Amino acid sequence: MTTPTGIERLQQAIAETARDLERAAARASERTGPPAAGDLFVFDTGEEAALEWLVVREHADDPSLLLLAPGDDFPLAGPPDLALGRDLVGRPLTIRCGEALWVPVGFCQQRLRTDLVPLEALRLVRQKIAELARGRTDESEEQRQADADPDYEDWLGLVARARERLQQRADQATPELGLVIPLEQLTSRLPAELASEPQYALAAESGSPLLSSLSGALAESAAATRYHEIEIDNSGKLVLQATESGVRAVWAGPRGASPPKLLGRTESGEALEATWQAGPEGKLQRAEPIFSWVDGQVVLTIATDPPQTLTIQR
Amino acid sequence: MRHSSHSASLAAVGDEGLWRTNPVWCIERLLDFWGRQDRSWVDQLDRLPALLECLLAQGIRLPAEALEKWETAGLLDSAERYAASNDHPSPGVVGFVVDDSSGTAWVVLLDVEPSRTWSVDSNLPIRPATLLQDMFIRVVLALGLPQGGAVPQRFAFDVRERLGRRSYGPSMHIAGLLAVIDRQNNNPTLLRRACAVVQPDGDRLVPVGSLDQKLTAFRRECGHGTLLVRTPACAEASAYDRHFDRVWEVSSFQDLAECLERSGLLQEFLSGSPLNSADVETSHSCLRRLTFGDHQYGEALDLGSRIQQCGYDAEVPARTAREIRRTIADLYRHLGYYGEAESLAQQEVHEAKTSNASSYDDQGQADAIHAASMYDPHRFTEMVGVLEPWLDKLTRDRLIVSPETRVMVFNTLARARVILGRGEWAELFRRSEGILREREPTDLPRTWNYLAHGLLRHGQLDEADSVLGQVESRRATTAFSRWICSFLRAEYHRSRGQQWVNEEMEAAPVAKKRAGHPFGFYFQATARQPGRNKIDAVERFRHARGLLLQDAGSGDYPNILHFLADSMRLGEAGWSNDAALWCEARRALARHLEPRPGCGLAEHYAECWKALTDRPDRDAAEAFLCRVPFF
């Protein structure tokens, strides 16, 4: 019998994790219908943490509210946490039961669902939350030690901040999505108003490896941009540019024609009106800020008559 | 936008060297370009992050200050985003170059690697490459540290630059020096982002030009610095002090040396461990340069002594060690320490005659060197005694030694015969000439100078004129041969009763570190030229004395250069009719002329010394100077 080397063990672990994720994705894709207890979702929280949110239950008096508890694979688990064994959920997942929150059911969109846990796991989570509510929790020695670990404290702080962000967003009215446009339906063709640029016709290719790399990076960035054009009351054109960072609006209209009022949402879910900046030649105006992707979508409202709302989803 | 169009705009901003070394300047220029047209202005917020990520992936670091500036200007959503992948730039010690047309200053990154010989990128204004070594030795010597056992000359480096722009002037010399020190100390924190805005001016360090542009460039590309080297009370530079962790205020090499020493950055160079073969190669090269190229005999002797004090690893070829020993013997002779020179030469003779591994050639060379070492103490008869047996042997069979050794024997013997006025000497020089024409024509001027000297001393002026003409007509003559030739030409005109001066020789500054004695010889010759007015002549004797003492070092030992310098004092006193100076000169000369073993001066000057009475006497002084074998 041979003992696997460190690299072999690492390779095995990576392969196992990949299989777990594939299985989770398969389970999530099979699952349809409205969110229900046992479902796991992901949301943008602005924190550097890969958190999933477990639907624990519906509110007893208001079925439009769901109790979510964050879960992650951080290796330490303290007294308020419940580590679900690999035998239960097929991968390491610790539910931070002390950081649960209520969100509207509409908050949990089908496309943000990542997995679901078995009923037994759900029962254990509910039981843990109930114990916490009653102030009665059993603490193992391992949990006590984790509780005193500064790394655990930092991690829990991060989870708490993510919960606050999510709560803040959930407290805002769920936006009307209006016309939903998947990112892949946007065009990569540069609108005429943005196309072409005076070039250094006589400038030769540099032949420099660095400049080639930089040039390639710029070209790649441009190629990844998607566009959506909206004619506004025959007065001009609104061009939405979707990039890795989010969606930015550009206004191309005749002199004197003002761009329309444009509303987007911040990461915390608050509505924010874009401001317009004129370009150096005055032909184009650029909306500030760029509206970042929140839960994989950007919701914009254009104050035309009547107002138009559209959502770009990726 | 097409790939090629990006390439063109990137290349229009700067070439690869500029992008790699001054990325912030390039990005700012690109942003300025993008910001001029609506279409590119719209996209610049997406382009900039793509550009930054690519630069970081290429290992090009950007200062946090630049990222924050772009963030504040709304060009970047978050500078923090790049913090993890963007360590602070750590270029080490940087130099600067200013573009004359635009006034823009760029940072010049210096790459330094240990090497067997000194070499510097042709774009850098550090020429010759050994200038760095010289500056470094100046720094070490300025400390007066007990580095007697160390040979910092054992180190050599290859210095390259990454900007790809040619620069001029001395403003990067100190940066180059610090870059070498940085490398040898394995890039210490203090020099991680450092710059020097001082440049050498003699022994002083003075502010560099375009100082404000240069420090602005440093801040732009490097951010907060670790060390600024500037002159004290330099308001323009001190305005940047707060942007550096430490500031060294230096106005001389001494100040710089003290700062380096306090920071422990010189220790690496002061090791007294035995030299390995690479060390020997490097330090021997420096010794050769100082001796044969720069004629800085004092420094060369100091180096040679330290090399010997450190000793050698077993791997060092014995031949190299022997060469170094011989060079040291030569140096003692050049510096006038005839006692030491002869003693070392005798050791060579002993070794050549007793060693199993010796040859006729070794013995011939050793005897020739020994004989040459007796010229300074005026032991011409003994010289002849040592070399005439060799002449006999070589006349019988010239092939028993190498041609070079034959030249050494012929020339040294001929020089002694010239002074003694006995025996054939011109023929010997002609034999050397014949060998050198075939073997090493570049060495001919030296032999011609010896021949001309003999002809002049024996009043064969037309022949001397012709031989000197041969030296003068050669284009590629070493500086040393040229200087000796000028001295001999001045002697020729003196002998003809004419006045004559040479521009190059007249411009010889006393403080300049190079062989002083050819210039001293020249000034004594011109001082004695008939018809020269008294003030001019006296000044020339004085100048000659200064130049002769330039190489002489301490007067503690019997030293021929001190003797010659005192002879100049006699000339000055005789020509100026200065009784006090005359007495002083006589007293000084008397010490040299005391009979002592191994010294033939007393005997050589006995007659003309008697003629020197208590009263200044120009003719007696002239007779004394005529007797000096070097003139």
# chains A, B, ... in the order shown; residues from 1 in each chain; ligands from 1
$ interface_residues --of "chain B" --to "chain A" --cutoff "9 Å" --atoms "only C-alpha atoms" --output "JSON, numbers by chain"
{"B": [1, 2, 3, 4, 5, 6, 7, 8, 9, 10, 11, 12, 15, 16, 19, 20, 35, 36, 37, 38, 39, 40, 41, 42, 43, 46, 47, 48, 50, 51, 52, 53, 54, 55, 58, 77]}
$ residues_around --residues "Leu211 of chain B" --least-positions-apart "5" --cutoff "12 Å" --atoms "only C-alpha atoms" --output "list in words"
Gly95, Phe96, Val97, Val98, Gly103, Thr104, Ala105, Trp106, Ser171, Cys195, Ala196, Val197, Val198, Gln199, Val206, Thr216, Ala217, Phe218, Val229, Arg230, Thr231, Cys234, Ala235, Glu236, Ala237, Ser238, Ala239 and Tyr240 of chain B
$ write_last_selection --atoms "N, CA, C and O atoms" --output "short mmCIF file (atom, residue, chain, number, x, y, z; two decimals), in the first residue's frame"
data_model
loop_
_atom_site.label_atom_id
_atom_site.label_comp_id
_atom_site.auth_asym_id
_atom_site.auth_seq_id
_atom_site.Cartn_x
_atom_site.Cartn_y
_atom_site.Cartn_z
N GLY B 95 18.48 56.49 -10.77
CA GLY B 95 19.05 57.72 -11.31
C GLY B 95 17.97 58.46 -12.07
O GLY B 95 16.80 58.04 -12.08
N PHE B 96 18.36 59.54 -12.70
CA PHE B 96 17.39 60.33 -13.45
C PHE B 96 17.99 60.77 -14.78
O PHE B 96 19.20 60.95 -14.88
N VAL B 97 17.10 60.97 -15.72
CA VAL B 97 17.53 61.58 -16.97
C VAL B 97 16.46 62.61 -17.32
O VAL B 97 15.28 62.39 -17.07
N VAL B 98 16.91 63.74 -17.82
CA VAL B 98 15.96 64.80 -18.17
C VAL B 98 15.96 64.94 -19.69
O VAL B 98 17.02 65.06 -20.31
N GLY B 103 11.83 68.84 -21.08
CA GLY B 103 12.11 69.16 -19.66
C GLY B 103 11.58 68.09 -18.73
O GLY B 103 11.61 68.25 -17.51
N THR B 104 11.07 66.99 -19.29
CA THR B 104 10.54 65.92 -18.46
C THR B 104 11.68 65.10 -17.84
O THR B 104 12.65 64.78 -18.52
N ALA B 105 11.52 64.79 -16.57
CA ALA B 105 12.52 63.91 -15.93
C ALA B 105 11.95 62.51 -15.84
O ALA B 105 10.77 62.33 -15.55
N TRP B 106 12.78 61.54 -16.11
CA TRP B 106 12.40 60.14 -15.99
C TRP B 106 13.31 59.46 -14.99
O TRP B 106 14.50 59.80 -14.86
N SER B 171 25.68 63.60 -13.08
CA SER B 171 24.61 63.60 -12.09
C SER B 171 24.20 62.19 -11.64
O SER B 171 23.54 62.03 -10.63
N CYS B 195 17.29 57.76 -3.80
CA CYS B 195 17.86 58.56 -4.88
C CYS B 195 18.85 59.55 -4.30
O CYS B 195 18.79 59.89 -3.12
N ALA B 196 19.78 59.95 -5.15
CA ALA B 196 20.80 60.91 -4.74
C ALA B 196 20.73 62.09 -5.68
O ALA B 196 20.82 61.90 -6.90
N VAL B 197 20.57 63.29 -5.13
CA VAL B 197 20.55 64.48 -5.99
C VAL B 197 21.81 65.30 -5.74
O VAL B 197 21.75 66.50 -5.56
N VAL B 198 22.91 64.58 -5.68
CA VAL B 198 24.21 65.24 -5.55
C VAL B 198 25.13 64.66 -6.63
O VAL B 198 24.92 63.54 -7.08
N GLN B 199 26.14 65.43 -6.98
CA GLN B 199 27.11 64.95 -7.96
C GLN B 199 28.50 65.40 -7.54
O GLN B 199 28.65 66.41 -6.84
N VAL B 206 27.96 68.37 -4.87
CA VAL B 206 27.14 69.56 -5.10
C VAL B 206 25.79 69.12 -5.67
O VAL B 206 25.67 67.99 -6.16
N THR B 216 10.41 65.25 -8.49
CA THR B 216 9.00 65.05 -8.87
C THR B 216 8.85 63.70 -9.58
O THR B 216 7.91 62.95 -9.32
N ALA B 217 9.80 63.40 -10.44
CA ALA B 217 9.76 62.11 -11.15
C ALA B 217 9.89 60.96 -10.16
O ALA B 217 9.21 59.93 -10.29
N PHE B 218 10.74 61.11 -9.16
CA PHE B 218 10.90 60.06 -8.17
C PHE B 218 9.58 59.81 -7.44
O PHE B 218 9.14 58.67 -7.30
N VAL B 229 19.46 61.44 -0.72
CA VAL B 229 20.81 61.96 -0.47
C VAL B 229 20.89 63.33 -1.13
O VAL B 229 20.73 63.43 -2.35
N ARG B 230 21.09 64.36 -0.32
CA ARG B 230 21.13 65.71 -0.87
C ARG B 230 22.20 66.52 -0.14
O ARG B 230 22.74 66.06 0.88
N THR B 231 22.45 67.71 -0.64
CA THR B 231 23.42 68.56 0.05
C THR B 231 22.71 69.29 1.18
O THR B 231 21.50 69.48 1.14
N CYS B 234 19.97 72.76 1.07
CA CYS B 234 19.49 72.82 -0.31
C CYS B 234 17.97 72.92 -0.24
O CYS B 234 17.28 71.92 -0.05
N ALA B 235 17.47 74.15 -0.33
CA ALA B 235 16.04 74.39 -0.10
C ALA B 235 15.19 73.61 -1.11
O ALA B 235 14.15 73.04 -0.76
N GLU B 236 15.66 73.56 -2.34
CA GLU B 236 14.88 72.91 -3.39
C GLU B 236 14.70 71.42 -3.09
O GLU B 236 13.61 70.88 -3.25
N ALA B 237 15.75 70.80 -2.62
CA ALA B 237 15.66 69.36 -2.32
C ALA B 237 15.00 69.11 -0.98
O ALA B 237 14.24 68.15 -0.81
N SER B 238 15.29 69.97 -0.01
CA SER B 238 14.75 69.71 1.34
C SER B 238 13.22 69.82 1.36
O SER B 238 12.57 69.30 2.26
N ALA B 239 12.67 70.49 0.35
CA ALA B 239 11.20 70.55 0.27
C ALA B 239 10.60 69.16 0.10
O ALA B 239 9.41 68.94 0.35
N TYR B 240 11.43 68.21 -0.30
CA TYR B 240 10.93 66.84 -0.53
C TYR B 240 11.25 65.90 0.65
O TYR B 240 10.91 64.73 0.60
#
$ closest_residue --among "B:Pro207, B:Pro152, B:Gly497, B:Gly223" --to "Val107 of chain B" --atoms "only C-alpha atoms"
B:Gly223
$ select_by_dssp --residues "segment 22-58 of chain A" --states "strand (DSSP E)" --output "list in words"
Asp39, Leu40, Phe41, Glu52, Trp53, Leu54, Val55, Val56, Arg57 and Glu58 of chain A
$ write_last_selection --atoms "C-alpha atoms" --output "PDB file, in the first residue's frame"
ATOM      1  CA  ASP A  39     -32.666  26.167  -0.339  1.00  0.00           C
ATOM      2  CA  LEU A  40     -29.251  27.858  -0.445  1.00  0.00           C
ATOM      3  CA  PHE A  41     -28.746  31.243  -2.154  1.00  0.00           C
ATOM      4  CA  GLU A  52     -24.361  30.958   1.101  1.00  0.00           C
ATOM      5  CA  TRP A  53     -27.669  31.719   2.743  1.00  0.00           C
ATOM      6  CA  LEU A  54     -29.890  28.891   3.907  1.00  0.00           C
ATOM      7  CA  VAL A  55     -33.633  29.358   3.897  1.00  0.00           C
ATOM      8  CA  VAL A  56     -34.499  28.125   7.391  1.00  0.00           C
ATOM      9  CA  ARG A  57     -38.246  28.701   7.431  1.00  0.00           C
ATOM     10  CA  GLU A  58     -41.107  30.957   6.415  1.00  0.00           C
TER      11      GLU A  58
END
$ select_by_dssp --residues "segment 200-298 of chain B" --states "alpha helix (DSSP H)" --output "count of residues only"
40
